[in-house]
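Shown next: query02.cif, given as mmCIF, C-alpha atoms.
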```cif
data_coords
#
loop_
_atom_site.label_atom_id
_atom_site.label_comp_id
_atom_site.auth_asym_id
_atom_site.auth_seq_id
_atom_site.Cartn_x
_atom_site.Cartn_y
_atom_site.Cartn_z
CA PHE A 15 107.80 25.00 -73.26
CA VAL A 16 106.70 26.75 -76.45
CA ASN A 17 107.38 24.63 -79.52
CA ALA A 18 110.87 25.28 -81.00
CA GLY A 19 111.89 27.28 -77.93
CA TRP A 20 111.57 30.73 -79.54
CA GLY A 21 114.14 29.61 -82.08
CA LEU A 22 116.76 29.51 -79.33
CA TYR A 23 116.55 25.82 -78.35
CA ASN A 24 114.73 22.77 -79.69
CA THR A 25 111.86 22.33 -77.23
CA TRP A 26 108.36 20.86 -77.47
CA GLY A 27 105.10 22.70 -76.96
CA TYR A 28 102.35 20.13 -76.51
CA TYR A 29 102.00 19.63 -72.74
CA THR A 30 100.41 22.96 -71.90
CA PRO A 31 98.40 24.43 -68.99
CA SER A 32 94.72 25.24 -69.27
CA LYS A 33 93.09 28.54 -68.40
CA GLU A 34 91.15 26.56 -65.79
CA LEU A 35 94.42 25.71 -64.00
CA TRP A 36 95.47 29.38 -64.11
CA ASP A 37 92.12 30.34 -62.55
CA ALA A 38 92.49 27.69 -59.82
CA PHE A 39 95.26 29.76 -58.21
CA GLU A 40 94.15 32.62 -55.98
CA GLU A 41 95.25 36.14 -56.86
CA GLY A 42 98.56 36.83 -55.16
CA ASP A 43 99.60 33.17 -55.03
CA GLN A 44 103.24 33.30 -56.13
CA ARG A 45 103.08 29.70 -57.32
CA ARG A 46 100.85 30.70 -60.25
CA GLU A 47 103.51 32.71 -62.08
CA ALA A 48 106.17 30.15 -61.11
CA THR A 49 104.05 27.39 -62.68
CA ILE A 50 102.46 29.01 -65.76
CA LEU A 51 103.78 31.56 -68.23
CA TYR A 52 100.92 33.89 -69.21
CA PRO A 53 101.03 36.46 -72.05
CA GLY A 54 102.62 39.63 -70.76
CA ASN A 55 104.74 37.82 -68.17
CA HIS A 56 108.52 37.82 -68.49
CA VAL A 57 110.75 34.78 -68.80
CA ARG A 58 114.49 34.38 -69.21
CA PHE A 59 115.33 31.68 -71.74
CA MET A 60 118.79 30.78 -73.10
CA GLY A 61 120.18 34.08 -71.87
CA ARG A 62 117.47 36.29 -73.36
CA ASP A 63 114.66 38.17 -71.64
CA ILE A 64 111.36 37.48 -73.37
CA THR A 65 107.95 39.00 -72.78
CA PHE A 66 105.68 36.08 -73.51
CA GLY A 67 103.25 36.99 -76.26
CA GLY A 68 105.29 40.07 -77.05
CA TYR A 69 108.88 41.13 -77.66
CA CYS A 70 112.41 40.12 -76.78
CA THR A 71 114.70 42.62 -75.10
CA ASP A 72 116.24 43.47 -78.47
CA GLY A 73 112.81 44.53 -79.78
CA SER A 74 112.32 41.53 -82.05
CA ILE A 75 109.18 39.43 -81.99
CA PRO A 76 109.98 35.85 -80.88
CA SER A 77 109.89 33.26 -83.65
CA TYR A 78 106.88 31.38 -82.26
CA THR A 79 104.54 34.19 -83.37
CA THR A 80 102.62 34.23 -86.64
CA SER A 81 101.46 37.64 -87.84
CA HIS A 82 102.12 38.95 -84.33
CA VAL A 83 99.68 36.39 -82.86
CA SER A 84 100.66 33.81 -80.25
CA ALA A 85 98.52 30.99 -78.89
CA GLY A 86 98.39 29.39 -75.51
CA LEU A 87 99.87 29.26 -72.05
CA ILE A 88 103.06 27.34 -71.38
CA ASN A 89 104.66 25.47 -68.51
CA GLN A 90 107.25 27.49 -66.62
CA LYS A 91 107.69 25.20 -63.62
CA PHE A 92 110.80 23.38 -64.84
CA ILE A 93 112.42 26.07 -66.98
CA SER A 94 115.29 27.03 -64.64
CA PRO A 95 118.13 25.10 -66.40
CA TRP A 96 117.36 27.01 -69.62
CA GLU A 97 117.45 30.49 -68.08
CA THR A 98 121.13 31.36 -68.47
CA GLY A 99 121.88 29.65 -71.75
CA SER A 100 124.80 27.82 -70.14
CA TYR A 101 125.42 24.44 -71.73
CA SER A 102 126.67 23.17 -68.38
CA GLU A 103 122.98 22.88 -67.39
CA VAL A 104 121.42 21.70 -70.66
CA SER A 105 122.67 19.69 -73.59
CA ASN A 106 124.49 21.61 -76.32
CA GLN A 107 123.05 19.03 -78.74
CA ARG A 108 119.56 20.43 -79.02
CA ASP A 109 117.98 17.15 -80.07
CA LYS A 110 119.30 15.37 -76.95
CA LEU A 111 117.45 17.22 -74.25
CA TRP A 112 119.20 16.31 -71.00
CA ASN A 113 119.27 18.90 -68.23
CA THR A 114 120.41 19.28 -64.63
CA LEU A 115 116.98 19.06 -62.98
CA ASN A 116 116.75 16.23 -60.47
CA CYS A 117 113.99 13.65 -60.78
CA CYS A 118 111.57 14.08 -57.88
CA LEU A 119 110.54 10.78 -56.32
CA MET A 120 108.67 12.15 -53.29
CA ARG A 121 107.54 15.66 -52.37
CA TYR A 122 107.19 16.64 -48.72
CA ALA A 123 104.23 18.83 -49.67
CA ASP A 124 102.59 15.75 -51.19
CA VAL A 125 103.08 13.84 -47.92
CA MET A 126 101.45 16.66 -45.96
CA LEU A 127 98.56 16.82 -48.44
CA MET A 128 98.05 13.06 -48.23
CA LYS A 129 97.85 13.26 -44.44
CA ALA A 130 95.50 16.25 -44.58
CA GLU A 131 93.28 14.36 -47.02
CA ALA A 132 93.13 11.32 -44.76
CA LEU A 133 92.21 13.51 -41.78
CA ILE A 134 89.46 15.37 -43.67
CA TRP A 135 87.94 12.19 -45.06
CA THR A 136 87.97 10.40 -41.69
CA LYS A 137 87.44 13.20 -39.17
CA GLY A 138 85.42 15.63 -41.28
CA GLU A 139 85.88 19.04 -42.80
CA GLY A 140 87.32 21.63 -40.47
CA ASP A 141 89.73 19.23 -38.77
CA ALA A 142 92.31 21.41 -36.99
CA GLU A 143 95.33 19.22 -37.79
CA ALA A 144 94.39 19.10 -41.46
CA LYS A 145 94.05 22.87 -41.52
CA ASN A 146 97.51 23.26 -39.95
CA LEU A 147 98.98 21.01 -42.62
CA LEU A 148 97.46 23.15 -45.38
CA ASP A 149 98.70 26.28 -43.59
CA ASP A 150 102.22 24.82 -43.56
CA ILE A 151 102.16 24.57 -47.35
CA ARG A 152 100.82 28.07 -47.89
CA GLU A 153 99.43 30.73 -45.59
CA ARG A 154 95.68 30.77 -45.99
CA ALA A 155 92.51 31.31 -43.99
CA GLY A 156 89.40 29.24 -43.65
CA ARG A 157 88.37 25.67 -42.87
CA ALA A 158 90.12 22.55 -44.15
CA THR A 159 87.45 21.35 -46.61
CA LYS A 160 87.53 18.65 -49.27
CA ALA A 161 87.25 21.26 -52.01
CA GLN A 162 90.13 23.25 -50.50
CA LEU A 163 92.31 20.15 -50.25
CA GLN A 164 91.52 19.12 -53.82
CA ASN A 165 92.34 22.56 -55.19
CA GLU A 166 95.54 22.73 -53.13
CA ARG A 167 96.75 19.45 -54.65
CA ARG A 168 95.94 20.80 -58.09
CA CYS A 169 97.95 23.99 -57.58
CA GLU A 170 100.87 22.65 -55.55
CA LEU A 171 101.53 19.54 -57.67
CA ALA A 172 100.68 20.87 -61.15
CA PHE A 173 102.61 19.07 -63.94
CA GLU A 174 104.26 16.68 -61.51
CA PHE A 175 103.59 13.17 -62.77
CA GLN A 176 103.58 11.49 -59.38
CA PRO A 177 100.89 12.03 -58.29
CA SER A 178 99.04 13.19 -61.37
CA ARG A 179 95.88 15.24 -61.56
CA HIS A 180 94.23 12.42 -63.50
CA ILE A 181 94.79 9.90 -60.71
CA ASP A 182 93.41 12.37 -58.16
CA VAL A 183 90.16 13.13 -59.95
CA VAL A 184 89.59 9.44 -60.74
CA ARG A 185 89.98 8.30 -57.13
CA TRP A 186 87.81 11.17 -55.89
CA GLY A 187 85.03 10.10 -58.28
CA LEU A 188 85.13 13.48 -60.06
CA ALA A 189 86.59 12.47 -63.44
CA GLU A 190 83.23 12.04 -65.18
CA GLU A 191 82.12 15.55 -64.13
CA TYR A 192 85.44 17.30 -64.77
CA TYR A 193 86.22 15.67 -68.11
CA SER A 194 82.79 16.54 -69.50
CA LYS A 195 83.70 20.24 -69.39
CA PRO A 196 85.72 21.90 -72.18
CA LEU A 197 89.17 23.31 -71.47
CA HIS A 198 90.38 26.73 -72.52
CA SER A 199 93.55 28.67 -73.17
CA VAL A 200 94.27 32.18 -74.42
CA VAL A 201 95.54 33.71 -77.63
CA SER A 202 97.55 36.89 -77.46
CA LYS A 203 98.40 39.55 -79.99
CA MET A 204 100.27 42.82 -80.12
CA VAL A 205 97.99 45.85 -80.56
CA ASP A 206 99.72 49.25 -80.66
CA GLY A 207 102.59 47.87 -78.58
CA ARG A 208 100.26 46.28 -76.02
CA ILE A 209 99.57 42.60 -75.43
CA GLU A 210 95.88 41.73 -75.63
CA THR A 211 94.49 38.30 -74.77
CA GLU A 212 91.33 36.43 -75.65
CA GLU A 213 90.07 33.20 -74.08
CA VAL A 214 89.51 30.33 -76.53
CA GLU A 215 88.34 26.74 -76.22
CA VAL A 216 91.14 24.29 -76.97
CA TYR A 217 89.65 20.93 -75.95
CA PRO A 218 85.95 20.00 -76.08
CA GLY A 219 84.35 18.10 -73.23
CA ARG A 220 85.33 14.45 -73.11
CA THR A 221 83.55 11.30 -72.00
CA PHE A 222 84.81 9.43 -68.95
CA ASN A 223 82.91 6.23 -68.18
CA PRO A 224 83.55 5.38 -64.51
CA THR A 225 82.51 1.76 -65.04
CA TYR A 226 85.72 1.01 -66.94
CA ASN A 227 87.80 4.15 -67.63
CA LYS A 228 89.37 4.02 -64.15
CA VAL A 229 91.99 1.73 -65.67
CA PHE A 230 93.61 1.53 -69.11
CA PRO A 231 93.24 -1.45 -71.45
CA ILE A 232 95.93 -4.11 -71.24
CA PRO A 233 98.07 -4.00 -74.42
CA GLN A 234 97.36 -6.81 -76.84
CA THR A 235 101.01 -7.87 -76.80
CA ALA A 236 100.67 -8.78 -73.11
CA PHE A 237 98.36 -11.64 -74.08
CA ASN A 238 101.02 -13.35 -76.19
CA GLY A 239 102.03 -16.64 -74.59
CA THR A 240 99.50 -16.58 -71.76
CA VAL A 241 96.08 -18.18 -71.27
CA ASN A 242 95.17 -16.79 -67.83
CA LEU A 243 95.21 -13.05 -68.51
CA THR A 244 91.87 -11.36 -69.23
CA GLN A 245 91.25 -7.90 -70.63
CA ASN A 246 90.06 -5.18 -68.29
CA LYS A 247 86.31 -4.65 -68.21
CA GLY A 248 84.89 -2.56 -71.03
CA TYR A 249 87.81 -2.88 -73.48
#
```
Would you kindly transcribe this structure into structure tokens?
Amino acid sequence: FVNAGWGLYNTWGYYTPSKELWDAFEEGDQRREATILYPGNHVRFMGRDITFGGYCTDGSIPSYTTSHVSAGLINQKFISPWETGSYSEVSNQRDKLWNTLNCCLMRYADVMLMKAEALIWTKGEGDAEAKNLLDDIRERAGRATKAQLQNERRCELAFEFQPSRHIDVVRWGLAEEYYSKPLHSVVSKMVDGRIETEEVEVYPGRTFNPTYNKVFPIPQTAFNGTVNLTQNKGY
């Protein structure tokens, strides 16, 4: 969530969505607002209604703003335990951040997407069974293409560590292309009682070398006491 949780709860604000992820959702896709909090959207947090990038219900400007300016998009996907402000769902010790959300080990939507991917890669784009699987996740029209499958995984499984977006783009051979592009967010400000946004670059393009960046380096401590272990290529 936003760093310091609007002064209402001690939260972190570093794992944030990009504007590119927001744009990956089609207009009208209800998952977009359920996944990402965009300036002007409403959120309920610790019993208070907040217009992100704007005002609280009592007319005050949330504490995360500086000179009425707020930066970024934030993750809304897992915010439900913090909505009511009930300490039966979140820790009343704000530095010990337990909550009542269950840990997801397997998503049925992920299973359907894995099967659809296997069908598209083996039987070709437009496979009827693959299309039906995508339709089961969300009503949509069109063929079951690789690009459609890849975007559906991005939108449906956003912020869920297993599987992660990074693992997907690496195994598809797209990491070098995707990581070379900069990522953006938005800054918002109050102008005459209205929220205005501006797109800004937040991360420059990065270098992904597919010859060795598909895996991480083995930590140096792992080599202590062994003579048979060798470092991964390129590190």
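Nearest residue to Ala144 (chain A), choosing from A:Gly156, A:Glu103, A:Glu97, A:Lys129 and counting only C-alpha atoms: A:Lys129.
Picture a line from CA of Ser32 (chain A) to CA of Leu87 (chain A); it runs 7.1 Å.
As for CA of Leu133 (chain A) and CA of Gly187 (chain A), they are spaced 18.3 Å apart.
When all atoms listed in the file are used to compute distances to Val214 (chain A), the closest of the residues A:Ser102, A:Ser199, A:Asn227, A:Asn113 turns out to be A:Ser199.
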_Would you pick out the contacts of region 145-153 of chain A at 12 Å or less, using all atoms listed in the file, so that residues sharing its chain but fewer than 2 positions from it are not included, and give the list as an MDAnalysis selection string?_
chainID A and resid 39:40 42:45 121:134 137:143 155:160 162:167 169:171
_Around (84.8, 1.0, -66.6), as given in the file, which residues come within 12 Å? Count only C-alpha atoms and list them as a PyMOL selection string._
chain A and resi 184+190+221-231+245-249
Enclose region 34-52 of chain A, meaning all of its atoms listed in the file, in a box aligned along x, y and z, pad it by 6 Å on each side, and list the centre and edge lengths in Å to one decimal, as AutoDock Vina command-line options.
```
--center_x 98.7 --center_y 31.3 --center_z -62.1 --size_x 27.0 --size_y 23.1 --size_z 26.2
```
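The neighbours of Leu111 (chain A) here are the residues that come within 12 Å of it, using all atoms listed in the file and leaving out any residue fewer than 3 positions away in the same chain; they are Tyr23, Asn24, Thr25, Trp26, Pro95, Trp96, Tyr101, Glu103, Val104, Ser105, Asn106, Gln107, Arg108, Thr114 and Leu115 of chain A.
Among the candidates A:Thr136, A:Ser202, A:Ser94, A:Ser178, the residue lying nearest to Tyr52 (chain A) is A:Ser202 (atoms considered: only C-alpha atoms).
Taking CA of Pro53 (chain A) and CA of Phe92 (chain A) as the two end points, the separation is 17.8 Å.
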*Quick one: residues within 8 Å of (100.2, 27.3, -74.5) (file frame), counting all atoms listed in the file, please, as a ChimeraX atom specification.*
/A:16,27-28,30-32,85-89,199-200
*Nearest to Phe66 (chain A) among A:Ala189, A:Val241, A:Ile181, A:Ile209, with distances taken over all atoms listed in the file: which residue is it?*
A:Ile209
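Nearest to Thr98 (chain A) of all the residues A:Leu22, A:Ala48, A:Leu197, A:Cys118 is A:Leu22, counting all atoms listed in the file.
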*Residue contacts of His56 (chain A) (7 Å, only C-alpha atoms) excluding same-chain residues fewer than 3 positions away, as an MDAnalysis selection string*: chainID A and resid 63:66
Serialized region 135-167 of chain A w/ N, CA and C atoms as a PDB file, in the first residue's frame:
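Contents of part_20.pdb, freshly written:
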```pdb
ATOM      1  N   TRP A 135       0.310 -23.555 -27.558  1.00  0.00           N
ATOM      2  CA  TRP A 135       1.680 -23.796 -28.019  1.00  0.00           C
ATOM      3  C   TRP A 135       1.796 -25.107 -28.804  1.00  0.00           C
ATOM      4  N   THR A 136       0.920 -26.069 -28.531  1.00  0.00           N
ATOM      5  CA  THR A 136       1.020 -27.357 -29.219  1.00  0.00           C
ATOM      6  C   THR A 136       0.057 -27.492 -30.396  1.00  0.00           C
ATOM      7  N   LYS A 137      -1.130 -26.879 -30.271  1.00  0.00           N
ATOM      8  CA  LYS A 137      -2.146 -27.033 -31.315  1.00  0.00           C
ATOM      9  C   LYS A 137      -2.348 -25.782 -32.152  1.00  0.00           C
ATOM     10  N   GLY A 138      -1.709 -24.681 -31.734  1.00  0.00           N
ATOM     11  CA  GLY A 138      -1.781 -23.456 -32.528  1.00  0.00           C
ATOM     12  C   GLY A 138      -2.790 -22.461 -31.997  1.00  0.00           C
ATOM     13  N   GLU A 139      -2.614 -21.222 -32.425  1.00  0.00           N
ATOM     14  CA  GLU A 139      -3.524 -20.163 -32.019  1.00  0.00           C
ATOM     15  C   GLU A 139      -4.909 -20.401 -32.611  1.00  0.00           C
ATOM     16  N   GLY A 140      -5.918 -20.063 -31.839  1.00  0.00           N
ATOM     17  CA  GLY A 140      -7.279 -20.292 -32.276  1.00  0.00           C
ATOM     18  C   GLY A 140      -7.858 -21.612 -31.818  1.00  0.00           C
ATOM     19  N   ASP A 141      -7.098 -22.383 -31.030  1.00  0.00           N
ATOM     20  CA  ASP A 141      -7.602 -23.659 -30.537  1.00  0.00           C
ATOM     21  C   ASP A 141      -8.891 -23.429 -29.739  1.00  0.00           C
ATOM     22  N   ALA A 142      -9.932 -24.187 -30.053  1.00  0.00           N
ATOM     23  CA  ALA A 142     -11.258 -23.956 -29.463  1.00  0.00           C
ATOM     24  C   ALA A 142     -11.269 -24.225 -27.965  1.00  0.00           C
ATOM     25  N   GLU A 143     -10.587 -25.281 -27.522  1.00  0.00           N
ATOM     26  CA  GLU A 143     -10.577 -25.593 -26.089  1.00  0.00           C
ATOM     27  C   GLU A 143      -9.847 -24.511 -25.308  1.00  0.00           C
ATOM     28  N   ALA A 144      -8.747 -24.024 -25.878  1.00  0.00           N
ATOM     29  CA  ALA A 144      -8.008 -22.945 -25.211  1.00  0.00           C
ATOM     30  C   ALA A 144      -8.867 -21.699 -25.102  1.00  0.00           C
ATOM     31  N   LYS A 145      -9.598 -21.396 -26.157  1.00  0.00           N
ATOM     32  CA  LYS A 145     -10.482 -20.222 -26.129  1.00  0.00           C
ATOM     33  C   LYS A 145     -11.550 -20.372 -25.050  1.00  0.00           C
ATOM     34  N   ASN A 146     -12.117 -21.578 -24.920  1.00  0.00           N
ATOM     35  CA  ASN A 146     -13.134 -21.806 -23.897  1.00  0.00           C
ATOM     36  C   ASN A 146     -12.562 -21.624 -22.494  1.00  0.00           C
ATOM     37  N   LEU A 147     -11.315 -22.024 -22.302  1.00  0.00           N
ATOM     38  CA  LEU A 147     -10.681 -21.851 -21.001  1.00  0.00           C
ATOM     39  C   LEU A 147     -10.517 -20.372 -20.675  1.00  0.00           C
ATOM     40  N   LEU A 148     -10.087 -19.581 -21.667  1.00  0.00           N
ATOM     41  CA  LEU A 148      -9.967 -18.140 -21.440  1.00  0.00           C
ATOM     42  C   LEU A 148     -11.337 -17.515 -21.197  1.00  0.00           C
ATOM     43  N   ASP A 149     -12.358 -18.003 -21.912  1.00  0.00           N
ATOM     44  CA  ASP A 149     -13.713 -17.486 -21.713  1.00  0.00           C
ATOM     45  C   ASP A 149     -14.213 -17.785 -20.307  1.00  0.00           C
ATOM     46  N   ASP A 150     -13.796 -18.925 -19.752  1.00  0.00           N
ATOM     47  CA  ASP A 150     -14.235 -19.299 -18.407  1.00  0.00           C
ATOM     48  C   ASP A 150     -13.671 -18.352 -17.357  1.00  0.00           C
ATOM     49  N   ILE A 151     -12.502 -17.786 -17.621  1.00  0.00           N
ATOM     50  CA  ILE A 151     -11.894 -16.855 -16.678  1.00  0.00           C
ATOM     51  C   ILE A 151     -12.566 -15.495 -16.785  1.00  0.00           C
ATOM     52  N   ARG A 152     -12.808 -15.062 -18.007  1.00  0.00           N
ATOM     53  CA  ARG A 152     -13.461 -13.762 -18.206  1.00  0.00           C
ATOM     54  C   ARG A 152     -14.128 -13.765 -19.566  1.00  0.00           C
ATOM     55  N   GLU A 153     -15.335 -13.250 -19.638  1.00  0.00           N
ATOM     56  CA  GLU A 153     -16.028 -13.196 -20.919  1.00  0.00           C
ATOM     57  C   GLU A 153     -15.257 -12.296 -21.875  1.00  0.00           C
ATOM     58  N   ARG A 154     -14.935 -12.831 -23.028  1.00  0.00           N
ATOM     59  CA  ARG A 154     -14.203 -12.053 -24.019  1.00  0.00           C
ATOM     60  C   ARG A 154     -14.450 -12.645 -25.396  1.00  0.00           C
ATOM     61  N   ALA A 155     -14.155 -11.881 -26.419  1.00  0.00           N
ATOM     62  CA  ALA A 155     -14.341 -12.345 -27.793  1.00  0.00           C
ATOM     63  C   ALA A 155     -12.988 -12.462 -28.472  1.00  0.00           C
ATOM     64  N   GLY A 156     -12.959 -13.225 -29.538  1.00  0.00           N
ATOM     65  CA  GLY A 156     -11.730 -13.318 -30.316  1.00  0.00           C
ATOM     66  C   GLY A 156     -11.070 -14.677 -30.209  1.00  0.00           C
ATOM     67  N   ARG A 157      -9.955 -14.834 -30.918  1.00  0.00           N
ATOM     68  CA  ARG A 157      -9.219 -16.088 -30.951  1.00  0.00           C
ATOM     69  C   ARG A 157      -8.369 -16.232 -29.694  1.00  0.00           C
ATOM     70  N   ALA A 158      -7.977 -17.480 -29.405  1.00  0.00           N
ATOM     71  CA  ALA A 158      -7.062 -17.751 -28.301  1.00  0.00           C
ATOM     72  C   ALA A 158      -5.638 -17.675 -28.844  1.00  0.00           C
ATOM     73  N   THR A 159      -5.022 -16.503 -28.764  1.00  0.00           N
ATOM     74  CA  THR A 159      -3.678 -16.298 -29.307  1.00  0.00           C
ATOM     75  C   THR A 159      -2.653 -16.291 -28.186  1.00  0.00           C
ATOM     76  N   LYS A 160      -1.381 -16.406 -28.551  1.00  0.00           N
ATOM     77  CA  LYS A 160      -0.308 -16.343 -27.565  1.00  0.00           C
ATOM     78  C   LYS A 160      -0.321 -14.998 -26.842  1.00  0.00           C
ATOM     79  N   ALA A 161      -0.479 -13.930 -27.610  1.00  0.00           N
ATOM     80  CA  ALA A 161      -0.479 -12.597 -27.007  1.00  0.00           C
ATOM     81  C   ALA A 161      -1.641 -12.441 -26.032  1.00  0.00           C
ATOM     82  N   GLN A 162      -2.808 -12.986 -26.392  1.00  0.00           N
ATOM     83  CA  GLN A 162      -3.974 -12.907 -25.525  1.00  0.00           C
ATOM     84  C   GLN A 162      -3.737 -13.696 -24.242  1.00  0.00           C
ATOM     85  N   LEU A 163      -3.189 -14.887 -24.371  1.00  0.00           N
ATOM     86  CA  LEU A 163      -2.881 -15.711 -23.201  1.00  0.00           C
ATOM     87  C   LEU A 163      -1.875 -15.019 -22.293  1.00  0.00           C
ATOM     88  N   GLN A 164      -0.825 -14.454 -22.885  1.00  0.00           N
ATOM     89  CA  GLN A 164       0.206 -13.790 -22.086  1.00  0.00           C
ATOM     90  C   GLN A 164      -0.354 -12.588 -21.340  1.00  0.00           C
ATOM     91  N   ASN A 165      -1.212 -11.816 -21.990  1.00  0.00           N
ATOM     92  CA  ASN A 165      -1.799 -10.657 -21.331  1.00  0.00           C
ATOM     93  C   ASN A 165      -2.789 -11.082 -20.258  1.00  0.00           C
ATOM     94  N   GLU A 166      -3.508 -12.184 -20.501  1.00  0.00           N
ATOM     95  CA  GLU A 166      -4.466 -12.666 -19.503  1.00  0.00           C
ATOM     96  C   GLU A 166      -3.748 -13.116 -18.234  1.00  0.00           C
ATOM     97  N   ARG A 167      -2.601 -13.766 -18.386  1.00  0.00           N
ATOM     98  CA  ARG A 167      -1.829 -14.158 -17.197  1.00  0.00           C
ATOM     99  C   ARG A 167      -1.351 -12.908 -16.454  1.00  0.00           C
TER     100      ARG A 167
END
```
